[in-house]
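*Asks:* This one is structure-v2.tsv, TSV, C-alpha atoms.
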chain	number	residue	atom	x	y	z
A	1	MET	CA	-10.05	-22.27	-123.27
A	2	ASN	CA	-6.86	-23.82	-124.61
A	3	ALA	CA	-6.95	-27.09	-126.52
A	4	ILE	CA	-7.00	-29.96	-124.05
A	5	ASN	CA	-3.55	-31.27	-125.00
A	6	ASN	CA	-2.07	-28.05	-123.55
A	7	TYR	CA	-3.35	-29.01	-120.09
A	8	ILE	CA	-1.88	-32.50	-119.96
A	9	GLU	CA	1.23	-33.61	-118.10
A	10	HIS	CA	1.58	-37.15	-119.43
A	11	THR	CA	2.52	-39.09	-116.31
A	12	ILE	CA	4.31	-42.24	-115.26
A	13	LEU	CA	5.32	-42.45	-111.61
A	14	ARG	CA	5.14	-46.20	-111.05
A	15	PRO	CA	8.08	-47.58	-109.07
A	16	ASP	CA	8.51	-50.35	-111.66
A	17	SER	CA	8.69	-48.06	-114.67
A	18	LYS	CA	11.40	-48.97	-117.19
A	19	ILE	CA	13.36	-47.07	-119.80
A	20	ILE	CA	10.98	-48.36	-122.46
A	21	ASP	CA	8.07	-46.76	-120.54
A	22	ILE	CA	9.83	-43.39	-120.48
A	23	GLU	CA	10.56	-43.66	-124.20
A	24	ARG	CA	6.88	-44.45	-124.82
A	25	ILE	CA	5.47	-41.49	-122.91
A	26	VAL	CA	7.99	-39.13	-124.47
A	27	LYS	CA	6.94	-40.39	-127.93
A	28	GLU	CA	3.23	-40.04	-127.07
A	29	THR	CA	3.80	-36.58	-125.63
A	30	ILE	CA	5.55	-35.40	-128.79
A	31	GLU	CA	2.88	-36.95	-131.02
A	32	ASN	CA	0.03	-35.31	-129.08
A	33	ASN	CA	1.85	-32.07	-128.28
A	34	PHE	CA	1.11	-32.37	-124.57
A	35	PHE	CA	2.32	-29.65	-122.21
A	36	GLY	CA	4.82	-32.00	-120.61
A	37	ILE	CA	5.69	-35.27	-118.97
A	38	CYS	CA	5.70	-36.05	-115.23
A	39	ILE	CA	8.26	-38.66	-114.23
A	40	ASN	CA	10.31	-39.82	-111.27
A	41	PRO	CA	13.62	-38.00	-110.64
A	42	ASN	CA	15.81	-40.94	-111.66
A	43	TYR	CA	14.65	-40.57	-115.28
A	44	VAL	CA	14.86	-36.77	-115.61
A	45	GLU	CA	18.29	-36.66	-117.23
A	46	PHE	CA	17.39	-39.50	-119.61
A	47	ALA	CA	14.16	-37.76	-120.65
A	48	LYS	CA	15.95	-34.43	-121.07
A	49	ASN	CA	18.21	-36.00	-123.68
A	50	LEU	CA	15.22	-37.49	-125.51
A	51	LEU	CA	13.50	-34.09	-125.58
A	52	LYS	CA	16.43	-32.00	-126.81
A	53	GLY	CA	15.19	-29.20	-129.05
A	54	SER	CA	11.62	-29.61	-127.80
A	55	ASN	CA	9.43	-27.17	-125.86
A	56	ILE	CA	7.89	-30.02	-123.86
A	57	LYS	CA	8.36	-29.54	-120.11
A	58	ILE	CA	9.77	-32.13	-117.73
A	59	VAL	CA	8.00	-32.28	-114.38
A	60	THR	CA	9.27	-34.40	-111.51
A	61	VAL	CA	8.35	-35.10	-107.89
A	62	VAL	CA	10.07	-34.60	-104.53
A	63	ASN	CA	9.09	-35.57	-100.99
A	64	PHE	CA	6.99	-38.13	-102.81
A	65	PRO	CA	4.69	-39.93	-102.20
A	66	LEU	CA	4.63	-40.08	-98.38
A	67	ALA	CA	5.64	-36.51	-97.45
A	68	SER	CA	8.07	-38.04	-94.96
A	69	ASN	CA	11.29	-36.21	-95.90
A	70	THR	CA	13.06	-33.73	-93.70
A	71	ILE	CA	13.16	-30.34	-95.41
A	72	LYS	CA	16.91	-30.72	-95.98
A	73	THR	CA	16.28	-33.93	-97.91
A	74	THR	CA	13.56	-32.29	-99.99
A	75	LEU	CA	15.81	-29.35	-100.81
A	76	PHE	CA	18.59	-31.69	-101.91
A	77	GLN	CA	16.16	-33.66	-104.10
A	78	THR	CA	14.86	-30.45	-105.62
A	79	THR	CA	18.30	-29.05	-106.38
A	80	GLU	CA	19.39	-32.34	-107.96
A	81	ALA	CA	16.25	-32.60	-110.09
A	82	LEU	CA	16.71	-29.08	-111.44
A	83	LYS	CA	20.39	-29.75	-112.14
A	84	PHE	CA	19.49	-32.79	-114.23
A	85	GLY	CA	16.96	-30.85	-116.30
A	86	ALA	CA	13.57	-30.72	-114.56
A	87	ASP	CA	11.49	-27.69	-115.53
A	88	GLU	CA	8.89	-27.95	-112.77
A	89	ILE	CA	8.71	-29.63	-109.37
A	90	ASP	CA	5.70	-31.23	-107.64
A	91	THR	CA	6.26	-31.62	-103.89
A	92	VAL	CA	3.97	-33.24	-101.34
A	93	LEU	CA	2.80	-30.91	-98.59
A	94	ASN	CA	3.93	-31.75	-95.04
A	95	ILE	CA	0.73	-33.63	-94.23
A	96	SER	CA	1.68	-34.56	-90.66
A	97	ALA	CA	2.42	-30.90	-89.86
A	98	LEU	CA	-0.97	-29.93	-91.32
A	99	LYS	CA	-2.73	-32.57	-89.22
A	100	ASN	CA	-0.86	-31.28	-86.14
A	101	LYS	CA	-2.07	-27.75	-87.05
A	102	ASP	CA	1.52	-26.60	-87.34
A	103	TYR	CA	0.75	-24.32	-90.24
A	104	LYS	CA	3.98	-22.38	-89.85
A	105	LYS	CA	5.90	-25.59	-90.59
A	106	VAL	CA	3.68	-26.32	-93.58
A	107	GLU	CA	4.41	-22.87	-95.00
A	108	TYR	CA	8.09	-23.03	-94.09
A	109	ASP	CA	8.72	-26.24	-96.03
A	110	ILE	CA	6.99	-24.89	-99.13
A	111	LYS	CA	8.74	-21.53	-98.91
A	112	LYS	CA	12.20	-23.08	-98.53
A	113	THR	CA	11.56	-25.39	-101.51
A	114	LYS	CA	10.44	-22.47	-103.67
A	115	GLU	CA	13.52	-20.46	-102.68
A	116	VAL	CA	15.90	-22.95	-104.33
A	117	MET	CA	13.85	-23.08	-107.54
A	118	GLY	CA	14.22	-19.59	-108.98
A	119	ASN	CA	11.66	-19.08	-111.75
A	120	HIS	CA	10.71	-22.76	-112.01
A	121	ASN	CA	7.12	-23.61	-111.10
A	122	LEU	CA	6.49	-25.32	-107.77
A	123	LYS	CA	3.32	-27.35	-107.36
A	124	VAL	CA	2.20	-28.42	-103.89
A	125	ILE	CA	0.38	-31.75	-103.67
A	126	LEU	CA	-2.25	-31.56	-100.94
A	127	GLU	CA	-3.23	-35.26	-101.00
A	128	THR	CA	-6.90	-34.38	-100.78
A	129	ASP	CA	-8.00	-37.96	-100.04
A	130	LEU	CA	-6.43	-37.56	-96.59
A	131	LEU	CA	-7.86	-34.11	-95.83
A	132	THR	CA	-11.14	-32.63	-94.70
A	133	LYS	CA	-12.65	-29.77	-96.70
A	134	GLU	CA	-11.43	-27.34	-94.04
A	135	GLU	CA	-7.91	-28.76	-94.29
A	136	ILE	CA	-7.97	-28.44	-98.09
A	137	VAL	CA	-8.71	-24.74	-97.70
A	138	ILE	CA	-6.03	-24.27	-95.04
A	139	ALA	CA	-3.45	-26.20	-97.06
A	140	SER	CA	-4.26	-24.17	-100.17
A	141	LYS	CA	-3.85	-20.92	-98.24
A	142	CYS	CA	-0.52	-22.11	-96.84
A	143	ALA	CA	0.71	-22.84	-100.37
A	144	VAL	CA	-0.33	-19.36	-101.51
A	145	ALA	CA	1.33	-17.68	-98.53
A	146	ALA	CA	4.56	-19.62	-99.11
A	147	GLY	CA	4.87	-18.60	-102.76
A	148	ALA	CA	3.85	-21.79	-104.59
A	149	ASN	CA	2.71	-21.57	-108.21
A	150	PHE	CA	0.14	-24.39	-108.11
A	151	VAL	CA	-1.83	-26.50	-105.69
A	152	LYS	CA	-2.37	-30.09	-106.78
A	153	THR	CA	-4.88	-32.69	-105.67
A	154	SER	CA	-3.19	-36.07	-105.32
A	155	THR	CA	-0.17	-38.33	-105.61
A	156	GLY	CA	-2.27	-41.29	-106.74
A	157	PHE	CA	-0.54	-43.48	-104.15
A	158	VAL	CA	-3.08	-43.39	-101.31
A	159	LYS	CA	-4.82	-46.73	-100.83
A	160	ASN	CA	-8.34	-46.68	-102.30
A	161	SER	CA	-7.62	-43.17	-103.58
A	162	ILE	CA	-10.43	-41.26	-105.25
A	163	GLY	CA	-8.01	-38.70	-106.66
A	164	ALA	CA	-9.15	-35.51	-108.33
A	165	THR	CA	-12.81	-34.63	-107.90
A	166	VAL	CA	-14.73	-31.72	-109.34
A	167	GLU	CA	-15.79	-30.69	-105.84
A	168	ASN	CA	-12.24	-30.52	-104.49
A	169	VAL	CA	-10.80	-28.83	-107.58
A	170	ARG	CA	-13.55	-26.22	-107.41
A	171	LEU	CA	-12.83	-25.64	-103.71
A	172	MET	CA	-9.08	-25.31	-104.33
A	173	TYR	CA	-9.64	-22.96	-107.26
A	174	LYS	CA	-12.02	-20.79	-105.26
A	175	THR	CA	-9.45	-20.58	-102.45
A	176	VAL	CA	-6.43	-19.64	-104.59
A	177	LYS	CA	-7.78	-17.86	-107.67
A	178	ALA	CA	-7.44	-14.30	-106.32
A	179	SER	CA	-3.72	-14.90	-105.70
A	180	GLY	CA	-2.97	-16.10	-109.23
A	181	VAL	CA	-1.97	-19.55	-107.97
A	182	GLU	CA	-3.26	-22.29	-110.27
A	183	VAL	CA	-4.70	-25.77	-109.76
A	184	LYS	CA	-3.38	-29.08	-111.06
A	185	ALA	CA	-5.82	-31.98	-110.96
A	186	SER	CA	-4.29	-35.45	-110.75
A	187	GLY	CA	-5.40	-38.92	-109.78
A	188	GLY	CA	-8.02	-41.00	-111.56
A	189	ILE	CA	-8.40	-38.85	-114.69
A	190	LYS	CA	-9.14	-41.49	-117.30
A	191	ASP	CA	-11.24	-39.97	-120.07
A	192	PHE	CA	-12.14	-36.80	-121.97
A	193	LYS	CA	-15.39	-36.18	-120.10
A	194	SER	CA	-13.80	-36.25	-116.64
A	195	ALA	CA	-10.86	-34.17	-117.86
A	196	MET	CA	-13.16	-31.47	-119.20
A	197	ALA	CA	-15.20	-31.44	-115.98
A	198	LEU	CA	-12.03	-30.77	-113.97
A	199	ILE	CA	-10.96	-28.01	-116.34
A	200	ASP	CA	-14.41	-26.44	-116.03
A	201	ALA	CA	-14.02	-26.61	-112.23
A	202	GLY	CA	-10.81	-24.58	-112.41
A	203	ALA	CA	-7.90	-26.90	-113.20
A	204	SER	CA	-5.30	-25.45	-115.56
A	205	ARG	CA	-3.17	-28.61	-115.55
A	206	LEU	CA	-4.04	-32.30	-115.62
A	207	GLY	CA	-1.67	-34.99	-114.39
A	208	THR	CA	-2.69	-38.26	-115.97
A	209	SER	CA	-1.31	-41.49	-117.38
A	210	SER	CA	-4.31	-41.61	-119.73
A	211	GLY	CA	-3.41	-38.68	-121.94
A	212	VAL	CA	-3.73	-40.64	-125.16
A	213	ASP	CA	-7.16	-41.99	-124.16
A	214	ILE	CA	-8.27	-38.45	-123.32
A	215	MET	CA	-7.21	-37.27	-126.77
A	216	LEU	CA	-9.05	-40.16	-128.43
A	217	GLY	CA	-12.13	-39.23	-126.41
A	218	ARG	CA	-11.80	-35.65	-127.56
A	219	ASP	CA	-11.81	-36.79	-131.18
A	220	LYS	CA	-15.01	-38.74	-130.55
A	221	ASN	CA	-16.64	-35.70	-128.95
A	222	VAL	CA	-15.75	-33.19	-131.70
Take the structure I supplied and represent it as structure tokens, if you would.
*Replies:*
Amino acid sequence: MNAINNYIEHTILRPDSKIIDIERIVKETIENNFFGICINPNYVEFAKNLLKGSNIKIVTVVNFPLASNTIKTTLFQTTEALKFGADEIDTVLNISALKNKDYKKVEYDIKKTKEVMGNHNLKVILETDLLTKEEIVIASKCAVAAGANFVKTSTGFVKNSIGATVENVRLMYKTVKASGVEVKASGGIKDFKSAMALIDAGASRLGTSSGVDIMLGRDKNV
């Protein structure tokens, strides 16, 4: 197992985030040698300049958080984000299409997004709080079939969201592991113990705003 800092995408996706917040998470990410940061698209270019000469990855989100874009809008967002310096893209799965059992549309949107990304990783957010266990499996299989690199649990924006759970991460991992697709756990990851439980369940990335607290917890558990 890699050191836990290598799993962490230090995240700030609040709509009220300010430049000072982006500067803070970039500083904390450098200090803790996290895998990357996950930020809204409007700050990608700013963060790219702060991270010049660094190996830290910039992750951003599209079709976020409501999954209400048309595919043309999502493709435009994706292309713009990559142009400004994003290394990876997290997109929200077409939840309404999934609920309507229009699985071809679910796959189509993911496939078209991946096609404009080249070798950049695409993560598909399932929004597990809104899905049944059967739908989590179906959504994961759609992401695999469409060429995604990761499936991801949550946006963190659903009201009364539980976020990433060991049970759901384990189910997602079991569904995708044979394909080589990976799992990103996000939503409600606050401490070292919960982070390690999600890694043990199959997560190879963690999206969290509590990266520093997780590292402090690690130090206490050494």
*Asks:* Please identify all polymer residues within 10 Å of A:Glu135, counting all atoms listed in the file, omitting same-chain residues fewer than 3 positions from it, and present them as an MDAnalysis selection string.
*Replies:* chainID A and resid 95 98:99 101 126 128 130:132 138:141
*Asks:* Would you mind reading off the distance between atom CA of A:Ser54 and atom CA of A:Glu23, one decimal, in Å?
*Replies:* 14.5 Å
*Asks:* At a cut-off of 12 Å, using only C-alpha atoms, what residues contact stretch 19-21 of chain A? Leave out same-chain residues fewer than 5 positions from it and give the result as a list in words.
*Replies:* His10, Thr11, Ile12, Leu13, Arg14, Val26, Lys27, Glu28, Ile37, Ile39, Asn40, Asn42, Tyr43, Val44, Glu45, Phe46, Ala47, Leu50 and Ser209 of chain A
*Asks:* Could you check which of A:Lys57, A:Lys193, A:Lys18, A:Lys184 is closest to A:His120, using all atoms listed in the file?
*Replies:* A:Lys57
*Asks:* I'd like to know which of A:Leu82, A:Met117, A:Ala146, A:Val62 is closest to A:Tyr103, using only C-alpha atoms.
*Replies:*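 So, comparing all the options, the nearest one is A:Ala146.
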*Asks:* I'd like the contact shell of A:Leu122 - 8 Å cut-off, only C-alpha atoms, skipping same-chain residues fewer than 2 positions apart - returned as a PyMOL selection string.
*Replies:* chain A and resi 88-91+114+117+120+124+148-150
*Asks:* Which residue is closest to A:Phe35? Choose from A:Ser17, A:Ser96, A:Asn49, A:Asn5 and count only C-alpha atoms.
*Replies:*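 Closest candidate: A:Asn5.
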*Asks:* In Å to one decimal, how far is atom CA of A:Ile8 from atom CA of A:Gly187?
*Replies:* 12.5 Å
*Asks:* Write out as a PDB file with C-alpha atoms, in the frame of the given file which residues come within 8 Å of A:Met172 when counting all atoms listed in the file, dropping same-chain ones fewer than 4 positions away.
*Replies:*
ATOM      1  CA  ILE A 136      -7.970 -28.440 -98.090  1.00  0.00           C
ATOM      2  CA  VAL A 137      -8.710 -24.740 -97.700  1.00  0.00           C
ATOM      3  CA  SER A 140      -4.260 -24.170-100.170  1.00  0.00           C
ATOM      4  CA  VAL A 151      -1.830 -26.500-105.690  1.00  0.00           C
ATOM      5  CA  ASN A 168     -12.240 -30.520-104.490  1.00  0.00           C
ATOM      6  CA  VAL A 176      -6.430 -19.640-104.590  1.00  0.00           C
ATOM      7  CA  VAL A 183      -4.700 -25.770-109.760  1.00  0.00           C
TER       8      VAL A 183
END
*Asks:* Complete stretch 4-26 of chain A at the level of N, CA and C atoms, written as a CSV table (one decimal), in the frame of the given file.
*Replies:*
chain,number,residue,atom,x,y,z
A,4,ILE,N,-7.2,-29.1,-125.2
A,4,ILE,CA,-7.0,-30.0,-124.0
A,4,ILE,C,-5.6,-30.5,-123.9
A,5,ASN,N,-4.9,-30.7,-125.1
A,5,ASN,CA,-3.6,-31.3,-125.0
A,5,ASN,C,-2.6,-30.3,-124.2
A,6,ASN,N,-2.9,-29.0,-124.2
A,6,ASN,CA,-2.1,-28.0,-123.6
A,6,ASN,C,-2.2,-28.1,-122.0
A,7,TYR,N,-3.2,-28.9,-121.5
A,7,TYR,CA,-3.4,-29.0,-120.1
A,7,TYR,C,-2.6,-30.2,-119.5
A,8,ILE,N,-2.3,-31.1,-120.4
A,8,ILE,CA,-1.9,-32.5,-120.0
A,8,ILE,C,-0.4,-32.6,-119.7
A,9,GLU,N,-0.1,-33.1,-118.5
A,9,GLU,CA,1.2,-33.6,-118.1
A,9,GLU,C,1.1,-35.1,-118.1
A,10,HIS,N,1.7,-35.7,-119.2
A,10,HIS,CA,1.6,-37.2,-119.4
A,10,HIS,C,2.5,-37.8,-118.4
A,11,THR,N,1.9,-38.7,-117.6
A,11,THR,CA,2.5,-39.1,-116.3
A,11,THR,C,2.8,-40.6,-116.2
A,12,ILE,N,4.0,-40.9,-115.7
A,12,ILE,CA,4.3,-42.2,-115.3
A,12,ILE,C,5.2,-42.1,-114.0
A,13,LEU,N,4.6,-42.5,-112.9
A,13,LEU,CA,5.3,-42.4,-111.6
A,13,LEU,C,5.4,-43.8,-110.9
A,14,ARG,N,5.1,-44.9,-111.6
A,14,ARG,CA,5.1,-46.2,-111.0
A,14,ARG,C,6.6,-46.5,-110.6
A,15,PRO,N,6.7,-47.2,-109.5
A,15,PRO,CA,8.1,-47.6,-109.1
A,15,PRO,C,8.7,-48.6,-110.0
A,16,ASP,N,7.9,-49.3,-110.8
A,16,ASP,CA,8.5,-50.4,-111.7
A,16,ASP,C,8.7,-49.9,-113.1
A,17,SER,N,8.6,-48.6,-113.3
A,17,SER,CA,8.7,-48.1,-114.7
A,17,SER,C,10.1,-48.3,-115.2
A,18,LYS,N,10.2,-48.6,-116.5
A,18,LYS,CA,11.4,-49.0,-117.2
A,18,LYS,C,11.7,-47.9,-118.2
A,19,ILE,N,12.9,-48.0,-118.8
A,19,ILE,CA,13.4,-47.1,-119.8
A,19,ILE,C,12.4,-47.1,-121.0
A,20,ILE,N,11.9,-48.3,-121.3
A,20,ILE,CA,11.0,-48.4,-122.5
A,20,ILE,C,9.7,-47.6,-122.2
A,21,ASP,N,9.3,-47.5,-120.9
A,21,ASP,CA,8.1,-46.8,-120.5
A,21,ASP,C,8.3,-45.3,-120.7
A,22,ILE,N,9.5,-44.8,-120.3
A,22,ILE,CA,9.8,-43.4,-120.5
A,22,ILE,C,9.9,-43.0,-122.0
A,23,GLU,N,10.5,-43.9,-122.8
A,23,GLU,CA,10.6,-43.7,-124.2
A,23,GLU,C,9.2,-43.6,-124.8
A,24,ARG,N,8.3,-44.4,-124.3
A,24,ARG,CA,6.9,-44.4,-124.8
A,24,ARG,C,6.2,-43.2,-124.5
A,25,ILE,N,6.2,-42.7,-123.2
A,25,ILE,CA,5.5,-41.5,-122.9
A,25,ILE,C,6.1,-40.2,-123.5
A,26,VAL,N,7.4,-40.2,-123.7
A,26,VAL,CA,8.0,-39.1,-124.5
A,26,VAL,C,7.5,-39.1,-125.9
